[in-house]
There are 2 protein chains.
Amino acid sequence: MENSFNTSPLNRKRGGELIKDPVGLVETYPTIPLTVDCVIFGFEENKLKVLLIRSDLEYFEGKWSLLGDIVQPSEDLDEAAYRVLNQRTGMDDIFLEQVKAFGYPARHPGGRVITIAYCSLLNIQHHQLKILDNELHWHSLENLNEMAFDHQLIVDECYHWLQKRIQEHPLGFNLLPEKFSLRELQNLYEAILGLNLDRRNFRKKFFAMDFLIDVEEYETDVPHRPGKLYKFNFEKYEKNKRKWTGIDF
Amino acid sequence: MENSFNTSPLNRKRGGELIKDPVGLVETYPTIPLTVDCVIFGFEENKLKVLLIRSDLEYFEGKWSLLGDIVQPSEDLDEAAYRVLNQRTGMDDIFLEQVKAFGYPARHPGGRVITIAYCSLLNIQHHQLKILDNELHWHSLENLNEMAFDHQLIVDECYHWLQKRIQEHPLGFNLLPEKFSLRELQNLYEAILGLNLDRRNFRKKFFAMDFLIDVEEYETDVPHRPGKLYKFNFEKYEKNKRKWTGIDF
DNA sequence: CCTAAATTGTGTAAAAATTACACAATAATC
DNA sequence: GATTATTGTGTAATTTTTACACAATTTAGG
């Protein structure tokens, strides 16, 4: 809040006088604990997974919880989310975007805590979970049942956000290894969107986008004819981002 | 943040023990002042407008600012935004959605303040500004120059959000009077999207959506052939929302 | 080494959606 | 009653999307 408000008990402007002491003003504001929570998606065995940990509150004993942390007093929100991600995955070039703030007053049994949810996409193979909490693991999105706090709601919203977002921008590549076959790519899109896609049309669409680099290699260790491997041209995509209109399946 | 974190100074889980006192835990969290800011859009004279007030901080003297307020300690975020909207416009059935949290540490000259931005759409005709601050007014989106705080950024993000959102859901009706002509509707879409649209195709598209109710009335006070007036079938839209895929221009 | 199983890779025709485009009808103004 | 401004309407051309089948490649197993 940065404006006077006739009906607000605090920060009232009296007769058009300007406020000279912004620090003094902010000191009168009530304060609230603030956290970030990361919905970290991965893709494994043709399923979309999310990285969870057991809640450490007795109140939520046995329930799953997102990875999160307090936002420090002088820390940017994105920075806090990035810190959580980095501490947990050891990686630092990971896709991360803010999705939504959740602030229902009773969402935390310990009192009012507001959280900002972030969505992150990473390639499960390329990272080793840094912290060996045995309860930290990749959980299938399908059979999440009860989660701690409002984390089920947060996961649901982030999942819908992802479904929408992936049809506007080719984010899916963040979930795949550097080199991937078109089959893997299609499996990923099918898993995220919950659809069956036509193989020929799918390939046509991605070749038309012209962001795939043929690396002149083939799958190995598959019990059938191996597919060609491709890389995603992140550079070209970044350049052409502006012109980008969407994918659509 | 609702998880223990090995590297976090606070809220540490020791040897797998569960935390029994969530209130005690939350009491150890640092707290931050939190506000909401509303980007209230209106449509007048074929221009998209935003409702602004002069900043009451001397630091930002003369600059324009969004309408916002502190989030009270036990108030939901949506509720706080709604309160701001209601206090300013006197209306209570207004479109309102959360867009993004802004938390850059130096965004407020009085110290750390995090704000959650909301986007709202209302019909300028149908409401009377309640509070007669003479500096509260509808400002054209085009010639906003310098704003207080990071409000220029917030307005920009909300405007882009709106451009995108209006192509997925027919939100535009919130900005128009109850009864409107197709010309007004087209002007609105053209103003928001910054495009020129083909009249015949535009009409075709909206009739195909089948959310327009012909009220069997005509425009008055126009110096030319009057157009038919329509209402938007909000009810039918709400029912069919799920099936909705998008508009596209 | 031969066969079976699984999957890759490829093109085209039909259907659907989008675009471009012009003129008569209506009401107001002078 | 002529002029001006705008409404209301349909169709053909183009583009996009969808549906669909078969030969080629590799592995696995007898």
# chains A, B, ... in the order shown; residues from 1 in each chain; ligands from 1
>>> interface_residues(of="chain C", to="chain B", cutoff="8 Å", atoms="only C-alpha atoms (C1' of nucleotides)", output="ChimeraX atom specification")
/C:26-29
>>> write_last_selection(atoms="C-alpha atoms (C1' of nucleotides)", output="short mmCIF file (atom, residue, chain, number, x, y, z; two decimals), in the first residue's frame")
data_model
loop_
_atom_site.label_atom_id
_atom_site.label_comp_id
_atom_site.auth_asym_id
_atom_site.auth_seq_id
_atom_site.Cartn_x
_atom_site.Cartn_y
_atom_site.Cartn_z
"C1'" DT C 26 -30.54 3.10 -42.14
"C1'" DA C 27 -30.62 7.25 -39.41
"C1'" DA C 28 -29.01 11.94 -38.60
"C1'" DT C 29 -27.65 16.52 -40.22
#
>>> residues_around(residues="range 52-60 of chain B", least_positions_apart="4", cutoff="6 Å", atoms="only C-alpha atoms (C1' of nucleotides)", output="list in words")
Leu18, Ile19 and Lys20 of chain A; Trp64, Ser65, Leu66, Glu135, Leu136, His137 and Ala148 of chain B
>>> write_last_selection(atoms="N, CA and C atoms", output="short mmCIF file (atom, residue, chain, number, x, y, z; two decimals), in the first residue's frame")
data_model
loop_
_atom_site.label_atom_id
_atom_site.label_comp_id
_atom_site.auth_asym_id
_atom_site.auth_seq_id
_atom_site.Cartn_x
_atom_site.Cartn_y
_atom_site.Cartn_z
N LEU A 18 1.76 16.23 2.34
CA LEU A 18 2.57 15.11 1.90
C LEU A 18 3.34 14.49 3.06
N ILE A 19 3.54 13.21 2.95
CA ILE A 19 4.26 12.49 4.00
C ILE A 19 5.75 12.62 3.75
N LYS A 20 6.44 13.09 4.79
CA LYS A 20 7.86 13.41 4.59
C LYS A 20 8.76 12.27 5.01
N TRP B 64 2.24 9.64 -10.10
CA TRP B 64 1.00 8.86 -9.99
C TRP B 64 1.27 7.52 -9.33
N SER B 65 0.24 7.06 -8.67
CA SER B 65 0.37 5.85 -7.87
C SER B 65 -0.90 5.01 -7.99
N LEU B 66 -0.76 3.73 -7.84
CA LEU B 66 -1.92 2.83 -7.84
C LEU B 66 -2.69 2.94 -6.53
N GLU B 135 -7.47 14.38 -6.81
CA GLU B 135 -6.35 13.83 -7.57
C GLU B 135 -6.57 12.38 -7.98
N LEU B 136 -7.72 11.85 -7.61
CA LEU B 136 -8.05 10.48 -8.04
C LEU B 136 -8.70 10.56 -9.41
N HIS B 137 -8.14 9.90 -10.39
CA HIS B 137 -8.76 10.01 -11.71
C HIS B 137 -8.36 8.89 -12.66
N ALA B 148 5.08 6.49 -9.21
CA ALA B 148 5.73 6.26 -7.92
C ALA B 148 6.09 4.78 -7.79
#
>>> calpha_fit_and_write(fixed="chain B", moving="chain A", output="PDB file with C-alpha atoms, in the first residue's frame")
ATOM      1  CA  MET A   1       8.072 -21.988   4.310  1.00  0.00           C
ATOM      2  CA  GLU A   2       6.735 -25.035   5.887  1.00  0.00           C
ATOM      3  CA  ASN A   3       9.701 -27.365   5.809  1.00  0.00           C
ATOM      4  CA  SER A   4      12.832 -27.857   7.722  1.00  0.00           C
ATOM      5  CA  PHE A   5      15.830 -26.771   5.817  1.00  0.00           C
ATOM      6  CA  ASN A   6      19.290 -27.945   6.711  1.00  0.00           C
ATOM      7  CA  THR A   7      20.837 -24.699   5.704  1.00  0.00           C
ATOM      8  CA  SER A   8      18.200 -22.396   7.084  1.00  0.00           C
ATOM      9  CA  PRO A   9      19.123 -20.733  10.348  1.00  0.00           C
ATOM     10  CA  LEU A  10      15.545 -20.909  11.489  1.00  0.00           C
ATOM     11  CA  ASN A  11      13.167 -23.772  11.652  1.00  0.00           C
ATOM     12  CA  ARG A  12      15.775 -26.467  11.657  1.00  0.00           C
ATOM     13  CA  LYS A  13      14.730 -30.035  12.103  1.00  0.00           C
ATOM     14  CA  ARG A  14      17.060 -31.852  14.418  1.00  0.00           C
ATOM     15  CA  GLY A  15      17.529 -35.555  13.815  1.00  0.00           C
ATOM     16  CA  GLY A  16      14.086 -36.219  12.409  1.00  0.00           C
ATOM     17  CA  GLU A  17      12.182 -34.955  15.404  1.00  0.00           C
ATOM     18  CA  LEU A  18       8.832 -33.475  14.611  1.00  0.00           C
ATOM     19  CA  ILE A  19       7.998 -29.934  15.577  1.00  0.00           C
ATOM     20  CA  LYS A  20       5.270 -29.904  18.174  1.00  0.00           C
ATOM     21  CA  ASP A  21       4.640 -26.201  18.466  1.00  0.00           C
ATOM     22  CA  PRO A  22       3.780 -24.585  15.159  1.00  0.00           C
ATOM     23  CA  VAL A  23       2.879 -21.298  16.809  1.00  0.00           C
ATOM     24  CA  GLY A  24       6.265 -21.114  18.458  1.00  0.00           C
ATOM     25  CA  LEU A  25       7.845 -21.914  15.128  1.00  0.00           C
ATOM     26  CA  VAL A  26       6.055 -19.155  13.255  1.00  0.00           C
ATOM     27  CA  GLU A  27       6.947 -16.715  15.991  1.00  0.00           C
ATOM     28  CA  THR A  28      10.583 -17.175  15.027  1.00  0.00           C
ATOM     29  CA  TYR A  29       9.906 -16.162  11.432  1.00  0.00           C
ATOM     30  CA  PRO A  30      10.938 -12.714  10.292  1.00  0.00           C
ATOM     31  CA  THR A  31       7.983 -10.610   9.202  1.00  0.00           C
ATOM     32  CA  ILE A  32       7.532  -8.134   6.388  1.00  0.00           C
ATOM     33  CA  PRO A  33       4.953  -5.437   5.686  1.00  0.00           C
ATOM     34  CA  LEU A  34       2.549  -6.544   3.006  1.00  0.00           C
ATOM     35  CA  THR A  35       0.225  -4.516   0.813  1.00  0.00           C
ATOM     36  CA  VAL A  36      -2.110  -4.986  -2.107  1.00  0.00           C
ATOM     37  CA  ASP A  37      -2.208  -2.702  -5.141  1.00  0.00           C
ATOM     38  CA  CYS A  38      -5.088  -2.620  -7.592  1.00  0.00           C
ATOM     39  CA  VAL A  39      -4.677  -1.919 -11.257  1.00  0.00           C
ATOM     40  CA  ILE A  40      -8.225  -0.850 -12.007  1.00  0.00           C
ATOM     41  CA  PHE A  41      -8.951  -0.646 -15.713  1.00  0.00           C
ATOM     42  CA  GLY A  42     -11.774   1.283 -17.295  1.00  0.00           C
ATOM     43  CA  PHE A  43     -12.768   2.059 -20.875  1.00  0.00           C
ATOM     44  CA  GLU A  44     -13.762   5.537 -21.943  1.00  0.00           C
ATOM     45  CA  GLU A  45     -13.604   7.423 -25.239  1.00  0.00           C
ATOM     46  CA  ASN A  46     -12.248   4.322 -26.904  1.00  0.00           C
ATOM     47  CA  LYS A  47      -9.232   4.302 -24.660  1.00  0.00           C
ATOM     48  CA  LEU A  48      -8.166   1.949 -21.940  1.00  0.00           C
ATOM     49  CA  LYS A  49      -7.786   3.867 -18.689  1.00  0.00           C
ATOM     50  CA  VAL A  50      -6.377   3.094 -15.298  1.00  0.00           C
ATOM     51  CA  LEU A  51      -7.484   4.567 -11.992  1.00  0.00           C
ATOM     52  CA  LEU A  52      -4.674   6.455 -10.284  1.00  0.00           C
ATOM     53  CA  ILE A  53      -4.045   8.862  -7.460  1.00  0.00           C
ATOM     54  CA  ARG A  54      -1.210  11.243  -6.691  1.00  0.00           C
ATOM     55  CA  SER A  55       1.339   9.740  -4.385  1.00  0.00           C
ATOM     56  CA  ASP A  56       1.133  11.165  -0.900  1.00  0.00           C
ATOM     57  CA  LEU A  57       4.805  10.714  -0.276  1.00  0.00           C
ATOM     58  CA  GLU A  58       6.940  13.780  -0.645  1.00  0.00           C
ATOM     59  CA  TYR A  59       9.591  11.483  -2.040  1.00  0.00           C
ATOM     60  CA  PHE A  60       7.349  10.827  -5.050  1.00  0.00           C
ATOM     61  CA  GLU A  61       5.851  14.305  -5.234  1.00  0.00           C
ATOM     62  CA  GLY A  62       3.676  14.751  -8.287  1.00  0.00           C
ATOM     63  CA  LYS A  63       3.943  11.161  -9.408  1.00  0.00           C
ATOM     64  CA  TRP A  64       1.022   8.852  -9.997  1.00  0.00           C
ATOM     65  CA  SER A  65       0.392   5.846  -7.861  1.00  0.00           C
ATOM     66  CA  LEU A  66      -1.892   2.830  -7.813  1.00  0.00           C
ATOM     67  CA  LEU A  67      -4.657   2.389  -5.279  1.00  0.00           C
ATOM     68  CA  GLY A  68      -3.541   0.106  -2.534  1.00  0.00           C
ATOM     69  CA  ASP A  69      -3.548  -0.565   1.138  1.00  0.00           C
ATOM     70  CA  ILE A  70      -1.962  -2.594   3.852  1.00  0.00           C
ATOM     71  CA  VAL A  71      -3.044  -6.193   4.238  1.00  0.00           C
ATOM     72  CA  GLN A  72      -4.403  -6.493   7.737  1.00  0.00           C
ATOM     73  CA  PRO A  73      -2.980  -9.251   9.930  1.00  0.00           C
ATOM     74  CA  SER A  74      -5.964 -11.534   9.626  1.00  0.00           C
ATOM     75  CA  GLU A  75      -7.276 -10.506   6.260  1.00  0.00           C
ATOM     76  CA  ASP A  76      -7.251 -12.670   3.153  1.00  0.00           C
ATOM     77  CA  LEU A  77      -5.327 -11.202   0.220  1.00  0.00           C
ATOM     78  CA  ASP A  78      -8.327 -11.176  -2.103  1.00  0.00           C
ATOM     79  CA  GLU A  79     -10.363  -9.600   0.642  1.00  0.00           C
ATOM     80  CA  ALA A  80      -7.865  -6.784   1.064  1.00  0.00           C
ATOM     81  CA  ALA A  81      -7.856  -6.074  -2.660  1.00  0.00           C
ATOM     82  CA  TYR A  82     -11.617  -6.158  -2.703  1.00  0.00           C
ATOM     83  CA  ARG A  83     -11.763  -3.733   0.173  1.00  0.00           C
ATOM     84  CA  VAL A  84      -9.562  -1.255  -1.669  1.00  0.00           C
ATOM     85  CA  LEU A  85     -11.714  -1.560  -4.752  1.00  0.00           C
ATOM     86  CA  ASN A  86     -14.912  -1.222  -2.844  1.00  0.00           C
ATOM     87  CA  GLN A  87     -13.767   1.766  -0.824  1.00  0.00           C
ATOM     88  CA  ARG A  88     -12.716   3.554  -3.963  1.00  0.00           C
ATOM     89  CA  THR A  89     -15.509   2.696  -6.338  1.00  0.00           C
ATOM     90  CA  GLY A  90     -18.385   1.851  -4.043  1.00  0.00           C
ATOM     91  CA  MET A  91     -19.049  -1.228  -6.130  1.00  0.00           C
ATOM     92  CA  ASP A  92     -18.995  -4.777  -4.929  1.00  0.00           C
ATOM     93  CA  ASP A  93     -19.512  -7.028  -7.912  1.00  0.00           C
ATOM     94  CA  ILE A  94     -16.396  -6.209  -9.764  1.00  0.00           C
ATOM     95  CA  PHE A  95     -14.022  -8.423 -11.658  1.00  0.00           C
ATOM     96  CA  LEU A  96     -10.834  -8.857  -9.657  1.00  0.00           C
ATOM     97  CA  GLU A  97      -7.936 -11.262 -10.027  1.00  0.00           C
ATOM     98  CA  GLN A  98      -4.527 -11.586  -8.501  1.00  0.00           C
ATOM     99  CA  VAL A  99      -1.730 -11.054 -10.990  1.00  0.00           C
ATOM    100  CA  LYS A 100       1.629 -11.103  -9.281  1.00  0.00           C
ATOM    101  CA  ALA A 101       3.620 -10.394  -6.147  1.00  0.00           C
ATOM    102  CA  PHE A 102       6.281  -7.720  -6.345  1.00  0.00           C
ATOM    103  CA  GLY A 103       8.995  -7.938  -3.764  1.00  0.00           C
ATOM    104  CA  TYR A 104      12.145  -6.241  -4.934  1.00  0.00           C
ATOM    105  CA  PRO A 105      13.663  -5.165  -1.598  1.00  0.00           C
ATOM    106  CA  ALA A 106      14.249  -1.527  -2.557  1.00  0.00           C
ATOM    107  CA  ARG A 107      10.893  -0.938  -4.199  1.00  0.00           C
ATOM    108  CA  HIS A 108       9.616   1.244  -1.361  1.00  0.00           C
ATOM    109  CA  PRO A 109      11.656   4.188  -0.056  1.00  0.00           C
ATOM    110  CA  GLY A 110      10.343   3.533   3.439  1.00  0.00           C
ATOM    111  CA  GLY A 111      11.881   0.083   3.683  1.00  0.00           C
ATOM    112  CA  ARG A 112      10.959  -3.378   2.670  1.00  0.00           C
ATOM    113  CA  VAL A 113       7.343  -3.689   1.604  1.00  0.00           C
ATOM    114  CA  ILE A 114       5.988  -6.495  -0.516  1.00  0.00           C
ATOM    115  CA  THR A 115       2.908  -5.925  -2.596  1.00  0.00           C
ATOM    116  CA  ILE A 116       0.483  -8.229  -4.324  1.00  0.00           C
ATOM    117  CA  ALA A 117      -0.891  -6.740  -7.523  1.00  0.00           C
ATOM    118  CA  TYR A 118      -4.494  -7.276  -8.514  1.00  0.00           C
ATOM    119  CA  CYS A 119      -6.147  -6.498 -11.807  1.00  0.00           C
ATOM    120  CA  SER A 120      -9.689  -5.221 -11.879  1.00  0.00           C
ATOM    121  CA  LEU A 121     -12.056  -4.362 -14.712  1.00  0.00           C
ATOM    122  CA  LEU A 122     -15.008  -2.078 -14.341  1.00  0.00           C
ATOM    123  CA  ASN A 123     -17.466  -0.050 -16.296  1.00  0.00           C
ATOM    124  CA  ILE A 124     -16.622   3.603 -15.795  1.00  0.00           C
ATOM    125  CA  GLN A 125     -20.207   4.761 -16.391  1.00  0.00           C
ATOM    126  CA  HIS A 126     -21.776   2.498 -13.813  1.00  0.00           C
ATOM    127  CA  HIS A 127     -19.843   3.714 -10.886  1.00  0.00           C
ATOM    128  CA  GLN A 128     -19.235   6.978  -9.159  1.00  0.00           C
ATOM    129  CA  LEU A 129     -15.900   7.407  -7.509  1.00  0.00           C
ATOM    130  CA  LYS A 130     -16.775   7.444  -3.852  1.00  0.00           C
ATOM    131  CA  ILE A 131     -13.937   9.428  -2.481  1.00  0.00           C
ATOM    132  CA  LEU A 132     -13.589  12.846  -3.885  1.00  0.00           C
ATOM    133  CA  ASP A 133      -9.871  13.237  -3.753  1.00  0.00           C
ATOM    134  CA  ASN A 134      -9.484  15.610  -6.620  1.00  0.00           C
ATOM    135  CA  GLU A 135      -6.338  13.840  -7.539  1.00  0.00           C
ATOM    136  CA  LEU A 136      -8.046  10.493  -8.012  1.00  0.00           C
ATOM    137  CA  HIS A 137      -8.757  10.029 -11.681  1.00  0.00           C
ATOM    138  CA  TRP A 138      -8.827   7.855 -14.762  1.00  0.00           C
ATOM    139  CA  HIS A 139      -5.513   8.085 -16.517  1.00  0.00           C
ATOM    140  CA  SER A 140      -4.962   7.043 -20.107  1.00  0.00           C
ATOM    141  CA  LEU A 141      -2.665   4.056 -20.372  1.00  0.00           C
ATOM    142  CA  GLU A 142      -0.810   5.590 -23.259  1.00  0.00           C
ATOM    143  CA  ASN A 143       0.816   8.580 -21.689  1.00  0.00           C
ATOM    144  CA  LEU A 144       1.740   7.273 -18.306  1.00  0.00           C
ATOM    145  CA  ASN A 145       5.186   8.529 -17.751  1.00  0.00           C
ATOM    146  CA  GLU A 146       6.754   8.417 -14.398  1.00  0.00           C
ATOM    147  CA  MET A 147       4.957   6.648 -11.615  1.00  0.00           C
ATOM    148  CA  ALA A 148       5.751   6.246  -7.933  1.00  0.00           C
ATOM    149  CA  PHE A 149       7.405   3.090  -6.601  1.00  0.00           C
ATOM    150  CA  ASP A 150       7.567   0.267  -9.175  1.00  0.00           C
ATOM    151  CA  HIS A 151       4.007   1.026 -10.218  1.00  0.00           C
ATOM    152  CA  GLN A 152       4.914   1.532 -13.851  1.00  0.00           C
ATOM    153  CA  LEU A 153       6.202  -2.029 -13.897  1.00  0.00           C
ATOM    154  CA  ILE A 154       3.094  -3.282 -12.141  1.00  0.00           C
ATOM    155  CA  VAL A 155       0.817  -1.513 -14.601  1.00  0.00           C
ATOM    156  CA  ASP A 156       2.805  -2.903 -17.529  1.00  0.00           C
ATOM    157  CA  GLU A 157       2.607  -6.431 -16.220  1.00  0.00           C
ATOM    158  CA  CYS A 158      -1.098  -6.156 -15.537  1.00  0.00           C
ATOM    159  CA  TYR A 159      -1.697  -4.742 -18.986  1.00  0.00           C
ATOM    160  CA  HIS A 160       0.117  -7.649 -20.622  1.00  0.00           C
ATOM    161  CA  TRP A 161      -1.731 -10.015 -18.359  1.00  0.00           C
ATOM    162  CA  LEU A 162      -4.989  -8.461 -19.544  1.00  0.00           C
ATOM    163  CA  GLN A 163      -4.029  -8.679 -23.211  1.00  0.00           C
ATOM    164  CA  LYS A 164      -3.366 -12.367 -22.790  1.00  0.00           C
ATOM    165  CA  ARG A 165      -6.286 -13.097 -20.543  1.00  0.00           C
ATOM    166  CA  ILE A 166      -8.848 -11.428 -22.758  1.00  0.00           C
ATOM    167  CA  GLN A 167      -7.962 -13.796 -25.546  1.00  0.00           C
ATOM    168  CA  GLU A 168      -8.719 -16.757 -23.358  1.00  0.00           C
ATOM    169  CA  HIS A 169     -11.856 -15.561 -21.627  1.00  0.00           C
ATOM    170  CA  PRO A 170     -14.392 -12.914 -22.547  1.00  0.00           C
ATOM    171  CA  LEU A 171     -13.490 -10.516 -19.765  1.00  0.00           C
ATOM    172  CA  GLY A 172     -14.003  -7.435 -21.828  1.00  0.00           C
ATOM    173  CA  PHE A 173     -17.671  -7.249 -20.982  1.00  0.00           C
ATOM    174  CA  ASN A 174     -16.755  -6.153 -17.488  1.00  0.00           C
ATOM    175  CA  LEU A 175     -15.505  -2.911 -18.987  1.00  0.00           C
ATOM    176  CA  LEU A 176     -18.654  -2.136 -20.952  1.00  0.00           C
ATOM    177  CA  PRO A 177     -22.115  -0.954 -19.956  1.00  0.00           C
ATOM    178  CA  GLU A 178     -24.714  -3.654 -19.539  1.00  0.00           C
ATOM    179  CA  LYS A 179     -26.042  -2.977 -23.023  1.00  0.00           C
ATOM    180  CA  PHE A 180     -23.535  -2.312 -25.748  1.00  0.00           C
ATOM    181  CA  SER A 181     -23.250  -2.314 -29.503  1.00  0.00           C
ATOM    182  CA  LEU A 182     -20.911  -4.549 -31.382  1.00  0.00           C
ATOM    183  CA  ARG A 183     -19.002  -1.471 -32.426  1.00  0.00           C
ATOM    184  CA  GLU A 184     -18.263  -0.629 -28.802  1.00  0.00           C
ATOM    185  CA  LEU A 185     -17.193  -4.188 -28.186  1.00  0.00           C
ATOM    186  CA  GLN A 186     -14.866  -4.116 -31.134  1.00  0.00           C
ATOM    187  CA  ASN A 187     -13.411  -0.754 -30.130  1.00  0.00           C
ATOM    188  CA  LEU A 188     -12.678  -2.231 -26.735  1.00  0.00           C
ATOM    189  CA  TYR A 189     -10.857  -5.237 -28.125  1.00  0.00           C
ATOM    190  CA  GLU A 190      -8.921  -3.061 -30.511  1.00  0.00           C
ATOM    191  CA  ALA A 191      -7.907  -0.734 -27.697  1.00  0.00           C
ATOM    192  CA  ILE A 192      -6.762  -3.536 -25.434  1.00  0.00           C
ATOM    193  CA  LEU A 193      -4.947  -5.523 -28.072  1.00  0.00           C
ATOM    194  CA  GLY A 194      -3.635  -2.579 -30.038  1.00  0.00           C
ATOM    195  CA  LEU A 195      -4.890  -4.103 -33.282  1.00  0.00           C
ATOM    196  CA  ASN A 196      -7.306  -3.288 -36.037  1.00  0.00           C
ATOM    197  CA  LEU A 197      -9.840  -6.030 -36.463  1.00  0.00           C
ATOM    198  CA  ASP A 198     -12.041  -6.870 -39.400  1.00  0.00           C
ATOM    199  CA  ARG A 199     -15.593  -5.924 -38.556  1.00  0.00           C
ATOM    200  CA  ARG A 200     -17.270  -8.812 -40.301  1.00  0.00           C
ATOM    201  CA  ASN A 201     -14.964 -11.420 -38.876  1.00  0.00           C
ATOM    202  CA  PHE A 202     -15.193  -9.888 -35.428  1.00  0.00           C
ATOM    203  CA  ARG A 203     -18.970 -10.087 -35.452  1.00  0.00           C
ATOM    204  CA  LYS A 204     -18.912 -13.603 -36.806  1.00  0.00           C
ATOM    205  CA  LYS A 205     -16.616 -14.697 -33.996  1.00  0.00           C
ATOM    206  CA  PHE A 206     -18.768 -13.259 -31.245  1.00  0.00           C
ATOM    207  CA  PHE A 207     -22.000 -14.588 -32.670  1.00  0.00           C
ATOM    208  CA  ALA A 208     -20.389 -18.001 -32.978  1.00  0.00           C
ATOM    209  CA  MET A 209     -19.483 -17.879 -29.269  1.00  0.00           C
ATOM    210  CA  ASP A 210     -23.170 -17.546 -28.623  1.00  0.00           C
ATOM    211  CA  PHE A 211     -22.889 -15.519 -25.446  1.00  0.00           C
ATOM    212  CA  LEU A 212     -24.594 -12.386 -26.754  1.00  0.00           C
ATOM    213  CA  ILE A 213     -28.224 -11.656 -25.971  1.00  0.00           C
ATOM    214  CA  ASP A 214     -30.027  -9.440 -28.457  1.00  0.00           C
ATOM    215  CA  VAL A 215     -31.960  -6.973 -26.290  1.00  0.00           C
ATOM    216  CA  GLU A 216     -34.000  -5.707 -29.257  1.00  0.00           C
ATOM    217  CA  GLU A 217     -32.930  -2.153 -28.687  1.00  0.00           C
ATOM    218  CA  TYR A 218     -30.817   0.287 -30.628  1.00  0.00           C
ATOM    219  CA  GLU A 219     -28.219   2.891 -29.860  1.00  0.00           C
ATOM    220  CA  THR A 220     -29.521   6.408 -29.427  1.00  0.00           C
ATOM    221  CA  ASP A 221     -27.771   9.735 -29.810  1.00  0.00           C
ATOM    222  CA  VAL A 222     -25.402   8.547 -32.461  1.00  0.00           C
ATOM    223  CA  PRO A 223     -25.053  10.758 -35.565  1.00  0.00           C
ATOM    224  CA  HIS A 224     -25.540   7.856 -37.948  1.00  0.00           C
ATOM    225  CA  ARG A 225     -27.442   4.630 -38.309  1.00  0.00           C
ATOM    226  CA  PRO A 226     -27.740   3.167 -34.785  1.00  0.00           C
ATOM    227  CA  GLY A 227     -26.453  -0.288 -34.023  1.00  0.00           C
ATOM    228  CA  LYS A 228     -28.260  -3.050 -32.202  1.00  0.00           C
ATOM    229  CA  LEU A 229     -27.613  -3.444 -28.508  1.00  0.00           C
ATOM    230  CA  TYR A 230     -26.621  -6.679 -26.830  1.00  0.00           C
ATOM    231  CA  LYS A 231     -26.078  -7.988 -23.323  1.00  0.00           C
ATOM    232  CA  PHE A 232     -23.446 -10.518 -22.369  1.00  0.00           C
ATOM    233  CA  ASN A 233     -24.836 -13.791 -21.114  1.00  0.00           C
ATOM    234  CA  PHE A 234     -22.728 -14.070 -17.959  1.00  0.00           C
ATOM    235  CA  GLU A 235     -24.759 -16.997 -16.686  1.00  0.00           C
ATOM    236  CA  LYS A 236     -24.311 -19.093 -19.764  1.00  0.00           C
ATOM    237  CA  TYR A 237     -20.639 -18.229 -19.840  1.00  0.00           C
ATOM    238  CA  GLU A 238     -20.162 -19.282 -16.228  1.00  0.00           C
ATOM    239  CA  LYS A 239     -21.761 -22.615 -16.999  1.00  0.00           C
ATOM    240  CA  ASN A 240     -19.697 -23.242 -20.100  1.00  0.00           C
ATOM    241  CA  LYS A 241     -16.466 -21.837 -18.713  1.00  0.00           C
ATOM    242  CA  ARG A 242     -14.876 -25.239 -18.480  1.00  0.00           C
ATOM    243  CA  LYS A 243     -15.298 -26.040 -22.128  1.00  0.00           C
ATOM    244  CA  TRP A 244     -13.921 -22.674 -23.044  1.00  0.00           C
ATOM    245  CA  THR A 245     -10.801 -22.803 -25.126  1.00  0.00           C
ATOM    246  CA  GLY A 246     -10.125 -19.240 -26.183  1.00  0.00           C
ATOM    247  CA  ILE A 247     -10.940 -16.445 -28.536  1.00  0.00           C
ATOM    248  CA  ASP A 248      -7.972 -15.470 -30.706  1.00  0.00           C
ATOM    249  CA  PHE A 249      -7.736 -12.428 -32.894  1.00  0.00           C
TER     250      PHE A 249
END
>>> interface_residues(of="chain D", to="chain B", cutoff="8 Å", atoms="only C-alpha atoms (C1' of nucleotides)", output="list in words")
DA5, DT6 and DT7 of chain D
>>> atom_distance(atom1="C1' of DT17 in chain D", atom2="C1' of DA6 in chain C")
28.8 Å
>>> atom_distance(atom1="C1' of DA24 in chain D", atom2="C1' of DC2 in chain C")
17.4 Å
>>> select_by_dssp(residues="range 85-231 of chain B", states="strand (DSSP E or B)", output="JSON, numbers by chain")
{"B": [95, 96, 97, 98, 99, 100, 101, 102, 114, 115, 116, 117, 118, 119, 120, 121, 137, 138, 139, 140, 147, 180, 181, 212, 213, 214, 215, 216, 217, 218, 228, 229, 230, 231]}
>>> atom_distance(atom1="C1' of DG30 in chain D", atom2="C1' of DT7 in chain C")
21.7 Å
>>> select_by_dssp(residues="range 8-208 of chain A", states="alpha helix (DSSP H)", output="ChimeraX atom specification")
/A:22-27,77-89,151-165,182-193,199-208
